[in-house]
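Student: Just query_9.cif, nothing more (mmCIF, C-alpha atoms):
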data_my_file
#
loop_
_atom_site.group_PDB
_atom_site.id
_atom_site.type_symbol
_atom_site.label_atom_id
_atom_site.label_comp_id
_atom_site.auth_asym_id
_atom_site.auth_seq_id
_atom_site.Cartn_x
_atom_site.Cartn_y
_atom_site.Cartn_z
ATOM 1 C CA MET A 1 -8.920 30.981 -0.033
ATOM 2 C CA ILE A 2 -5.460 29.440 0.323
ATOM 3 C CA ASP A 3 -3.128 30.226 -2.565
ATOM 4 C CA LEU A 4 -1.981 26.933 -4.140
ATOM 5 C CA GLN A 5 1.454 28.225 -5.125
ATOM 6 C CA ARG A 6 2.080 29.276 -1.527
ATOM 7 C CA LEU A 7 0.902 25.834 -0.427
ATOM 8 C CA ARG A 8 3.480 24.227 -2.730
ATOM 9 C CA ILE A 9 6.175 26.487 -1.315
ATOM 10 C CA LEU A 10 5.238 25.631 2.264
ATOM 11 C CA ARG A 11 5.469 21.921 1.440
ATOM 12 C CA GLU A 12 8.988 22.421 0.081
ATOM 13 C CA VAL A 13 9.984 24.421 3.169
ATOM 14 C CA ALA A 14 8.739 21.556 5.341
ATOM 15 C CA GLU A 15 10.624 18.987 3.277
ATOM 16 C CA HIS A 16 13.921 20.864 3.192
ATOM 17 C CA GLY A 17 13.763 22.462 6.642
ATOM 18 C CA SER A 18 14.796 25.921 5.454
ATOM 19 C CA PHE A 19 13.873 28.733 3.087
ATOM 20 C CA SER A 20 17.180 28.345 1.246
ATOM 21 C CA GLY A 21 16.641 24.614 0.660
ATOM 22 C CA ALA A 22 13.113 25.224 -0.608
ATOM 23 C CA ALA A 23 14.330 28.077 -2.794
ATOM 24 C CA GLN A 24 16.951 25.851 -4.418
ATOM 25 C CA ALA A 25 14.373 23.133 -5.139
ATOM 26 C CA LEU A 26 11.890 25.654 -6.568
ATOM 27 C CA LEU A 27 14.466 27.735 -8.488
ATOM 28 C CA LEU A 28 13.533 30.826 -6.468
ATOM 29 C CA THR A 29 15.471 33.128 -4.187
ATOM 30 C CA PRO A 30 15.265 32.616 -0.398
ATOM 31 C CA SER A 31 13.775 36.114 -0.188
ATOM 32 C CA ALA A 32 10.973 35.176 -2.576
ATOM 33 C CA VAL A 33 10.206 32.034 -0.548
ATOM 34 C CA SER A 34 10.172 34.066 2.673
ATOM 35 C CA GLN A 35 7.805 36.627 1.143
ATOM 36 C CA GLN A 36 5.388 33.932 -0.048
ATOM 37 C CA ILE A 37 5.316 32.255 3.364
ATOM 38 C CA ALA A 38 4.737 35.629 5.033
ATOM 39 C CA ALA A 39 1.851 36.297 2.627
ATOM 40 C CA LEU A 40 0.386 32.882 3.433
ATOM 41 C CA GLU A 41 0.586 33.646 7.151
ATOM 42 C CA ARG A 42 -1.138 37.018 6.664
ATOM 43 C CA SER A 43 -3.973 35.378 4.734
ATOM 44 C CA LEU A 44 -4.435 32.770 7.472
ATOM 45 C CA GLY A 45 -3.892 35.131 10.374
ATOM 46 C CA THR A 46 -1.483 32.720 12.080
ATOM 47 C CA PRO A 47 2.182 31.647 11.731
ATOM 48 C CA VAL A 48 2.824 28.444 9.779
ATOM 49 C CA VAL A 49 6.583 28.206 10.379
ATOM 50 C CA GLU A 50 8.899 29.046 13.228
ATOM 51 C CA ARG A 51 12.093 30.739 12.042
ATOM 52 C CA THR A 52 15.349 30.038 13.870
ATOM 53 C CA THR A 53 19.029 30.428 13.079
ATOM 54 C CA ARG A 54 19.147 26.674 12.375
ATOM 55 C CA GLY A 55 16.309 26.695 9.852
ATOM 56 C CA THR A 56 12.554 26.442 10.038
ATOM 57 C CA THR A 57 10.041 24.136 11.709
ATOM 58 C CA LEU A 58 6.309 23.944 11.160
ATOM 59 C CA THR A 59 3.806 25.272 13.652
ATOM 60 C CA ALA A 60 0.666 23.225 14.384
ATOM 61 C CA PRO A 61 -1.323 25.111 11.682
ATOM 62 C CA GLY A 62 1.612 24.622 9.315
ATOM 63 C CA ARG A 63 1.553 20.865 9.882
ATOM 64 C CA VAL A 64 -2.185 20.776 9.142
ATOM 65 C CA LEU A 65 -1.583 22.592 5.853
ATOM 66 C CA VAL A 66 1.298 20.357 4.787
ATOM 67 C CA GLU A 67 -0.665 17.199 5.628
ATOM 68 C CA SER A 68 -3.446 18.429 3.354
ATOM 69 C CA ALA A 69 -1.205 19.880 0.652
ATOM 70 C CA GLY A 70 -0.211 16.578 -0.923
ATOM 71 C CA VAL A 71 -3.819 15.466 -1.224
ATOM 72 C CA VAL A 72 -5.039 18.784 -2.639
ATOM 73 C CA LEU A 73 -2.239 19.104 -5.171
ATOM 74 C CA ALA A 74 -2.540 15.459 -6.247
ATOM 75 C CA GLU A 75 -6.259 15.899 -6.866
ATOM 76 C CA LEU A 76 -5.596 18.967 -9.007
ATOM 77 C CA VAL A 77 -2.939 17.144 -11.029
ATOM 78 C CA HIS A 78 -5.297 14.206 -11.517
ATOM 79 C CA ALA A 79 -8.168 16.495 -12.567
ATOM 80 C CA GLN A 80 -5.917 18.360 -15.009
ATOM 81 C CA GLN A 81 -4.797 15.073 -16.583
ATOM 82 C CA ARG A 82 -8.391 13.904 -17.019
ATOM 83 C CA ILE A 83 -9.470 17.242 -18.499
ATOM 84 C CA SER A 84 -6.554 17.177 -20.954
ATOM 85 C CA ARG A 85 -7.432 13.657 -22.078
ATOM 86 C CA LEU A 86 -11.092 14.568 -22.510
ATOM 87 C CA ALA A 87 -10.196 17.704 -24.482
ATOM 88 C CA GLU A 88 -7.913 15.706 -26.774
ATOM 89 C CA GLY A 89 -10.376 12.830 -27.139
ATOM 90 C CA GLU A 90 -8.026 10.328 -25.515
ATOM 91 C CA ALA A 91 -9.180 7.150 -23.803
ATOM 92 C CA GLU A 92 -9.467 7.316 -20.051
ATOM 93 C CA ARG A 93 -6.611 5.765 -18.120
ATOM 94 C CA LEU A 94 -6.574 3.766 -14.918
ATOM 95 C CA THR A 95 -3.434 3.032 -12.917
ATOM 96 C CA VAL A 96 -3.409 0.296 -10.295
ATOM 97 C CA ALA A 97 -0.624 -0.361 -7.788
ATOM 98 C CA THR A 98 -0.433 -3.839 -6.284
ATOM 99 C CA PHE A 99 1.810 -6.206 -4.355
ATOM 100 C CA ILE A 100 2.930 -9.335 -6.232
ATOM 101 C CA SER A 101 0.523 -12.008 -4.987
ATOM 102 C CA GLY A 102 -2.432 -9.610 -5.186
ATOM 103 C CA GLY A 103 -1.442 -8.782 -8.748
ATOM 104 C CA GLN A 104 -1.050 -12.427 -9.680
ATOM 105 C CA LEU A 105 -4.139 -13.904 -8.057
ATOM 106 C CA LEU A 106 -6.794 -11.245 -7.354
ATOM 107 C CA LEU A 107 -6.391 -8.413 -9.850
ATOM 108 C CA PRO A 108 -6.578 -10.446 -13.108
ATOM 109 C CA ARG A 109 -10.005 -11.843 -12.205
ATOM 110 C CA ALA A 110 -11.394 -8.332 -11.764
ATOM 111 C CA LEU A 111 -9.622 -6.934 -14.819
ATOM 112 C CA THR A 112 -11.113 -9.563 -17.133
ATOM 113 C CA GLY A 113 -14.645 -8.227 -16.700
ATOM 114 C CA PHE A 114 -13.456 -4.640 -16.407
ATOM 115 C CA ALA A 115 -11.569 -4.740 -19.717
ATOM 116 C CA ALA A 116 -14.592 -6.243 -21.457
ATOM 117 C CA ALA A 117 -16.864 -3.506 -20.096
ATOM 118 C CA HIS A 118 -14.374 -0.689 -20.847
ATOM 119 C CA PRO A 119 -12.510 -1.715 -24.020
ATOM 120 C CA ARG A 120 -11.107 1.790 -24.612
ATOM 121 C CA ALA A 121 -9.726 2.247 -21.101
ATOM 122 C CA GLU A 122 -5.938 2.190 -20.850
ATOM 123 C CA ILE A 123 -4.876 0.164 -17.818
ATOM 124 C CA THR A 124 -1.462 0.461 -16.187
ATOM 125 C CA VAL A 125 -0.404 -1.872 -13.370
ATOM 126 C CA LEU A 126 2.498 -0.960 -11.081
ATOM 127 C CA GLU A 127 4.122 -3.508 -8.788
ATOM 128 C CA ALA A 128 4.730 -1.949 -5.372
ATOM 129 C CA GLU A 129 4.697 -2.845 -1.705
ATOM 130 C CA THR A 130 2.114 -1.244 0.585
ATOM 131 C CA GLY A 131 4.095 1.837 1.662
ATOM 132 C CA ASP A 132 5.007 2.750 -1.905
ATOM 133 C CA SER A 133 1.469 2.034 -3.139
ATOM 134 C CA LEU A 134 -0.027 4.419 -0.580
ATOM 135 C CA ALA A 135 2.337 7.153 -1.742
ATOM 136 C CA LEU A 136 1.427 6.527 -5.395
ATOM 137 C CA VAL A 137 -2.296 6.942 -4.677
ATOM 138 C CA ARG A 138 -1.741 9.924 -2.378
ATOM 139 C CA GLU A 139 0.329 11.716 -5.036
ATOM 140 C CA GLY A 140 -2.134 10.968 -7.825
ATOM 141 C CA ARG A 141 0.216 8.617 -9.693
ATOM 142 C CA ALA A 142 -2.134 5.660 -9.104
ATOM 143 C CA ASP A 143 -5.917 5.589 -8.894
ATOM 144 C CA LEU A 144 -6.262 2.431 -6.826
ATOM 145 C CA ALA A 145 -3.973 0.194 -4.790
ATOM 146 C CA LEU A 146 -4.173 -3.338 -3.460
ATOM 147 C CA VAL A 147 -2.394 -3.324 -0.094
ATOM 148 C CA TYR A 148 -1.980 -5.655 2.848
ATOM 149 C CA HIS A 149 -1.019 -5.658 6.484
ATOM 150 C CA PHE A 150 -0.589 -8.286 9.160
ATOM 151 C CA ASP A 151 -1.199 -7.758 12.885
ATOM 152 C CA GLY A 152 -1.818 -4.244 14.158
ATOM 153 C CA PRO A 153 -3.708 -1.280 12.705
ATOM 154 C CA PRO A 154 -4.434 -1.022 8.969
ATOM 155 C CA PRO A 155 -2.203 1.248 6.859
ATOM 156 C CA VAL A 156 -5.045 3.798 6.514
ATOM 157 C CA ARG A 157 -7.312 4.599 9.448
ATOM 158 C CA ALA A 158 -10.597 6.494 9.593
ATOM 159 C CA GLY A 159 -10.139 10.107 10.547
ATOM 160 C CA ASP A 160 -6.485 10.433 9.569
ATOM 161 C CA ARG A 161 -5.358 13.212 7.248
ATOM 162 C CA SER A 162 -3.782 11.065 4.570
ATOM 163 C CA GLY A 163 -6.521 11.847 2.054
ATOM 164 C CA LEU A 164 -6.903 8.121 1.449
ATOM 165 C CA ALA A 165 -9.860 5.777 1.903
ATOM 166 C CA LEU A 166 -9.482 2.079 2.734
ATOM 167 C CA THR A 167 -11.978 -0.643 1.779
ATOM 168 C CA PRO A 168 -11.365 -4.097 3.329
ATOM 169 C CA LEU A 169 -11.286 -6.818 0.678
ATOM 170 C CA LEU A 170 -10.248 -10.097 2.270
ATOM 171 C CA ASP A 171 -9.032 -11.733 5.481
ATOM 172 C CA ASP A 172 -6.298 -14.066 4.272
ATOM 173 C CA PRO A 173 -5.294 -16.606 6.970
ATOM 174 C CA MET A 174 -1.679 -17.771 6.945
ATOM 175 C CA ARG A 175 -1.224 -21.521 6.457
ATOM 176 C CA ILE A 176 1.615 -23.919 7.134
ATOM 177 C CA VAL A 177 2.906 -25.635 3.987
ATOM 178 C CA VAL A 178 5.026 -28.778 4.381
ATOM 179 C CA PRO A 179 6.431 -31.306 1.885
ATOM 180 C CA ALA A 180 4.016 -34.136 1.092
ATOM 181 C CA ALA A 181 6.345 -36.630 2.822
ATOM 182 C CA HIS A 182 6.518 -34.606 6.059
ATOM 183 C CA PRO A 183 5.371 -36.452 9.220
ATOM 184 C CA LEU A 184 2.655 -33.798 9.789
ATOM 185 C CA ALA A 185 1.330 -33.910 6.206
ATOM 186 C CA GLY A 186 -2.388 -34.578 6.085
ATOM 187 C CA ARG A 187 -3.103 -33.251 9.566
ATOM 188 C CA GLY A 188 -5.980 -30.785 9.384
ATOM 189 C CA GLU A 189 -4.828 -28.440 12.130
ATOM 190 C CA ILE A 190 -1.661 -28.122 14.198
ATOM 191 C CA ASP A 191 -0.073 -25.905 16.839
ATOM 192 C CA LEU A 192 2.853 -23.743 15.808
ATOM 193 C CA ALA A 193 4.800 -25.304 18.698
ATOM 194 C CA ASP A 194 4.649 -28.615 16.779
ATOM 195 C CA LEU A 195 7.086 -27.075 14.312
ATOM 196 C CA ALA A 196 9.945 -26.227 16.671
ATOM 197 C CA GLY A 197 13.219 -27.405 15.155
ATOM 198 C CA GLU A 198 11.991 -27.202 11.546
ATOM 199 C CA ARG A 199 13.823 -25.416 8.745
ATOM 200 C CA TRP A 200 11.765 -22.566 7.281
ATOM 201 C CA VAL A 201 11.444 -21.134 3.783
ATOM 202 C CA GLN A 202 10.533 -17.425 3.954
ATOM 203 C CA GLY A 203 8.154 -16.119 1.287
ATOM 204 C CA CYS A 204 8.706 -12.398 1.952
ATOM 205 C CA VAL A 205 10.468 -10.131 4.433
ATOM 206 C CA SER A 206 7.278 -9.214 6.292
ATOM 207 C CA VAL A 207 6.411 -12.869 6.838
ATOM 208 C CA GLY A 208 9.864 -13.402 8.337
ATOM 209 C CA GLU A 209 9.130 -10.786 10.971
ATOM 210 C CA LEU A 210 5.666 -12.253 11.551
ATOM 211 C CA LEU A 211 7.053 -15.780 11.974
ATOM 212 C CA ASP A 212 9.648 -14.604 14.464
ATOM 213 C CA GLY A 213 6.956 -13.066 16.660
ATOM 214 C CA TYR A 214 4.636 -16.067 16.631
ATOM 215 C CA ALA A 215 7.493 -18.527 17.055
ATOM 216 C CA ALA A 216 8.588 -16.633 20.164
ATOM 217 C CA ILE A 217 5.048 -16.959 21.561
ATOM 218 C CA ALA A 218 5.199 -20.705 20.823
ATOM 219 C CA GLY A 219 8.530 -20.968 22.636
ATOM 220 C CA PHE A 220 11.055 -21.459 19.866
ATOM 221 C CA GLU A 221 13.260 -19.542 17.427
ATOM 222 C CA ALA A 222 12.562 -20.079 13.730
ATOM 223 C CA ASN A 223 15.499 -21.440 11.730
ATOM 224 C CA VAL A 224 15.128 -19.754 8.323
ATOM 225 C CA CYS A 225 17.143 -21.584 5.689
ATOM 226 C CA CYS A 226 15.858 -19.835 2.540
ATOM 227 C CA ARG A 227 14.623 -16.288 1.962
ATOM 228 C CA THR A 228 12.628 -15.346 -1.127
ATOM 229 C CA THR A 229 10.358 -12.491 -2.173
ATOM 230 C CA ASP A 230 7.816 -14.662 -3.988
ATOM 231 C CA TYR A 231 5.375 -17.094 -2.369
ATOM 232 C CA GLY A 232 5.187 -19.283 -5.475
ATOM 233 C CA PHE A 233 8.950 -19.728 -5.435
ATOM 234 C CA ALA A 234 8.834 -20.454 -1.706
ATOM 235 C CA VAL A 235 6.184 -23.161 -2.207
ATOM 236 C CA SER A 236 8.242 -24.780 -4.970
ATOM 237 C CA LEU A 237 11.217 -24.962 -2.589
ATOM 238 C CA ILE A 238 8.992 -26.519 0.066
ATOM 239 C CA ALA A 239 7.773 -29.110 -2.453
ATOM 240 C CA ALA A 240 11.423 -29.933 -3.128
ATOM 241 C CA GLY A 241 11.894 -30.738 0.562
ATOM 242 C CA VAL A 242 14.027 -27.744 1.462
ATOM 243 C CA GLY A 243 11.884 -26.789 4.463
ATOM 244 C CA ILE A 244 8.400 -25.681 5.504
ATOM 245 C CA GLY A 245 6.733 -22.279 5.169
ATOM 246 C CA LEU A 246 4.125 -19.815 6.402
ATOM 247 C CA ILE A 247 2.113 -18.932 3.298
ATOM 248 C CA PRO A 248 -1.079 -16.831 2.793
ATOM 249 C CA SER A 249 -4.198 -18.759 1.792
ATOM 250 C CA VAL A 250 -4.663 -16.692 -1.384
ATOM 251 C CA SER A 251 -1.329 -17.994 -2.661
ATOM 252 C CA LEU A 252 -2.515 -21.560 -2.108
ATOM 253 C CA THR A 253 -5.715 -21.572 -4.167
ATOM 254 C CA ALA A 254 -3.995 -24.054 -6.508
ATOM 255 C CA PRO A 255 -1.088 -25.541 -4.508
ATOM 256 C CA PRO A 256 1.320 -27.683 -6.538
ATOM 257 C CA ALA A 257 1.696 -31.416 -6.105
ATOM 258 C CA GLY A 258 4.214 -32.385 -3.483
ATOM 259 C CA VAL A 259 2.997 -30.205 -0.593
ATOM 260 C CA SER A 260 0.428 -30.445 2.192
ATOM 261 C CA VAL A 261 -1.398 -27.378 3.527
ATOM 262 C CA LEU A 262 -2.164 -27.217 7.264
ATOM 263 C CA ALA A 263 -4.201 -24.784 9.350
ATOM 264 C CA LEU A 264 -2.866 -23.321 12.591
ATOM 265 C CA ARG A 265 -4.720 -23.341 15.885
ATOM 266 C CA PRO A 266 -4.944 -19.927 17.589
ATOM 267 C CA PRO A 267 -3.005 -17.799 18.112
ATOM 268 C CA ALA A 268 -2.550 -17.830 14.349
ATOM 269 C CA PRO A 269 -1.497 -14.989 12.047
ATOM 270 C CA SER A 270 -3.540 -13.601 9.176
ATOM 271 C CA ARG A 271 -2.898 -11.242 6.294
ATOM 272 C CA TYR A 272 -5.510 -8.539 5.647
ATOM 273 C CA ILE A 273 -5.933 -7.328 2.065
ATOM 274 C CA SER A 274 -7.593 -3.989 1.316
ATOM 275 C CA LEU A 275 -8.231 -1.526 -1.485
ATOM 276 C CA VAL A 276 -7.025 2.066 -1.173
ATOM 277 C CA THR A 277 -8.363 5.008 -3.163
ATOM 278 C CA ARG A 278 -8.348 8.759 -2.691
ATOM 279 C CA GLN A 279 -11.029 10.175 -0.424
ATOM 280 C CA GLY A 280 -14.065 11.708 -2.062
ATOM 281 C CA ARG A 281 -16.083 10.534 -5.025
ATOM 282 C CA ALA A 282 -13.961 8.263 -7.199
ATOM 283 C CA GLN A 283 -14.149 8.442 -10.983
ATOM 284 C CA PRO A 284 -16.485 5.841 -12.550
ATOM 285 C CA LEU A 285 -13.628 3.656 -13.807
ATOM 286 C CA VAL A 286 -12.210 3.375 -10.291
ATOM 287 C CA GLN A 287 -15.623 2.628 -8.813
ATOM 288 C CA ASN A 288 -16.209 -0.107 -11.384
ATOM 289 C CA LEU A 289 -12.874 -1.799 -10.724
ATOM 290 C CA VAL A 290 -13.427 -1.587 -6.956
ATOM 291 C CA GLN A 291 -16.764 -3.347 -7.362
ATOM 292 C CA GLY A 292 -15.139 -5.998 -9.534
ATOM 293 C CA LEU A 293 -12.416 -6.608 -6.955
ATOM 294 C CA LEU A 294 -14.939 -6.849 -4.110
ATOM 295 C CA ALA A 295 -16.612 -9.731 -5.964
ATOM 296 C CA VAL A 296 -13.380 -11.695 -6.430
ATOM 297 C CA PRO A 297 -13.143 -13.361 -2.971
ATOM 298 C CA GLY A 298 -16.601 -14.863 -3.418
ATOM 299 C CA GLU A 299 -15.752 -16.062 -6.922
ATOM 300 C CA MET A 300 -12.616 -17.749 -5.559
ATOM 301 C CA GLY A 301 -14.443 -19.313 -2.609
ATOM 302 C CA LEU A 302 -12.448 -17.196 -0.161
ATOM 303 C CA ALA A 303 -15.237 -14.977 1.228
#
Translate the structure described by the file into structure tokens.

Tutor:
Amino acid sequence: MIDLQRLRILREVAEHGSFSGAAQALLLTPSAVSQQIAALERSLGTPVVERTTRGTTLTAPGRVLVESAGVVLAELVHAQQRISRLAEGEAERLTVATFISGGQLLLPRALTGFAAAHPRAEITVLEAETGDSLALVREGRADLALVYHFDGPPPVRAGDRSGLALTPLLDDPMRIVVPAAHPLAGRGEIDLADLAGERWVQGCVSVGELLDGYAAIAGFEANVCCRTTDYGFAVSLIAAGVGIGLIPSVSLTAPPAGVSVLALRPPAPSRYISLVTRQGRAQPLVQNLVQGLLAVPGEMGLA
């Protein structure tokens, strides 16, 4: 059996790159850290760190342990919190991390039924982008996260050692939004190349990078005149005639007056929205909210 305190110490050694750095973080002496790592190696029968005059580096077995350490320790923290709440008769708590448009448009629909079914549950919602949300779930500070990615692999893949599980929720095609008076307004479908020379309103940093890549494929360079971090704000600027934008479909379920929404012919980008939980059997509250979220796309006519 691996000693959990030694596992914590190894994680600090990996983070700080030396016994002295880990010792300072843990309020121990370097000698005590060295002794604990040596004891861990004896119990495993293999080295977990390589010691040099410049510090320490992990061996392959050491990397396996550190990759698992965060998950194991987070699960223990989470279990201890739940046990304490049960012992004290407190209501169960559920913490959800979400990006802005997911929090505005998808999460409330699921929470309405969830709150009615679990009136004593205490719900906390944290606004965070995908990378931060994954860390919150991995460390046990959130129970569930709504995350997204564009082209390329998802942020959590089967078989990795993150300790996280990903459940696809929705394919969210990107649409072109133009002012109602734009010459292309009312066209059902267009090519991205039709938009060369336009001024663009950027709804988030990631979309800016996405637009640059697809514009290059279409043979032009996007002229971004406004940069925002909120799709609703971006659409309001488009309605005012400032420019055009590349906006996810979910953010256009109720587009304001003054804009026209157009589909793109392939190759066309999409946003992929998923749910992330910790691996293993989730607590009933998490399972219930996951099921509620999985029903939302159908309720919104987006499935």

Student: Take the PyMOL selection byres ((chain A and resi 279-293) around 6), run it mentally on this structure, and tell me the resulting residues as a list in words.

Tutor: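 That selection, the PyMOL selection byres ((chain A and resi 279-293) around 6), comes back as Ala110, Gly163, Leu164, Ala165, Arg278, Leu294, Ala295 and Val296 of chain A.
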
Student: From the set A:Asp160, A:Asp171, A:Asp3, A:Asp191, which residue has the shortest atom-to-atom contact distance to Tyr148 of chain A, counting only C-alpha atoms?

Tutor: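 Closest residue, counting only C-alpha atoms: A:Asp171.
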
Student: Quick one: residues within 7 Å of Gln202 of chain A, only C-alpha atoms counted, chain neighbours fewer than 3 positions away excluded, as a PyMOL selection string?

Tutor: chain A and resi 207-208+224+226-228+234+245

Student: Of the residues A:Thr124, A:Thr57, A:Ser43, A:Thr130, which is the one nearest to Val276 of chain A, using all atoms listed in the file?

Tutor: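 Ranked by minimum distance to Val276 of chain A, first place goes to A:Thr130.
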
Student: I would like the residues chosen by the PyMOL selection byres ((chain A and resi 220) around 12) on the shown file; could you give them as JSON, numbers by chain?

Tutor: {"A": [192, 193, 194, 195, 196, 197, 198, 211, 212, 213, 214, 215, 216, 217, 218, 219, 221, 222, 223]}

Student: When the PyMOL selection byres ((chain A and resi 96-107) around 6) is applied to the file above, which residues end up in the set, as a compact mmCIF listing (two decimals) with C-alpha atoms, in the frame of the given file?

Tutor:
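What ended up in result.txt:
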# COMPACT_ATOMS: atom_id res chain seq x y z
CA THR A 95 -3.43 3.03 -12.92
CA PRO A 108 -6.58 -10.45 -13.11
CA ARG A 109 -10.01 -11.84 -12.20
CA ALA A 110 -11.39 -8.33 -11.76
CA VAL A 125 -0.40 -1.87 -13.37
CA LEU A 126 2.50 -0.96 -11.08
CA GLU A 127 4.12 -3.51 -8.79
CA ALA A 128 4.73 -1.95 -5.37
CA GLU A 129 4.70 -2.84 -1.70
CA SER A 133 1.47 2.03 -3.14
CA ALA A 142 -2.13 5.66 -9.10
CA LEU A 144 -6.26 2.43 -6.83
CA ALA A 145 -3.97 0.19 -4.79
CA LEU A 146 -4.17 -3.34 -3.46

Student: Give me the residues within 12 Å of His149 of chain A as a list in words, counting only C-alpha atoms and dropping any in the same chain fewer than 6 places off.

Tutor: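 Selected residues are Phe99, Glu129, Thr130, Gly131, Pro155, Val156, Pro168, Leu169, Leu170, Asp171, Asp172, Pro173, Ser206, Val207, Leu210, Pro248, Pro269, Ser270, Arg271, Tyr272, Ile273, Ser274 and Leu275 of chain A.
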
Student: When distances are computed from all atoms listed in the file, which of A:Val48, A:Leu27, A:Leu237, A:Ala69 shows the smallest separation from Val177 of chain A?

Tutor: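 Using all atoms listed in the file, the shortest distance to Val177 of chain A belongs to A:Leu237.
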
Student: Between atom CA of Val205 of chain A and atom CA of Gly258 of chain A, what is the distance in Å, rounded to a tenth?

Tutor: 24.4 Å

Student: What's the separation between atom CA of Gln5 of chain A and atom CA of Asp132 of chain A, in Å to one decimal place?

Tutor: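 Pair atom CA of Gln5 of chain A / atom CA of Asp132 of chain A returns 25.9 Å.
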
Student: Between atom CA of Ile176 of chain A and atom CA of Val259 of chain A, measure the distance and give it in Å to one decimal.

Tutor: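 Separation of atom CA of Ile176 of chain A and atom CA of Val259 of chain A: 10.1 Å.
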
Student: Got a sec: who's within 12 Å of Ser18 of chain A, counting only C-alpha atoms, leaving out chain neighbours fewer than 6 positions off, as number ranges by chain?

Tutor: A: 9-12, 24-25, 30-31, 33-34, 37, 49-58

Student: Do you know which residues are at most 12 Å from Ala181 of chain A counting all atoms listed in the file, after dropping those on the same chain fewer than 2 positions away, and could you put them as a PyMOL selection string?

Tutor: chain A and resi 177-179+183-186+238-244+257-260

Student: Quick one: axis-aligned box around all listed atoms of segment 151-168 of chain A, 8 Å on every side, centre and edge lengths in Å to one decimal, written as lines of an AutoDock Vina configuration file.

Tutor:
center_x = -6.6
center_y = 2.7
center_z = 7.8
size_x = 26.8
size_y = 37.0
size_z = 28.7
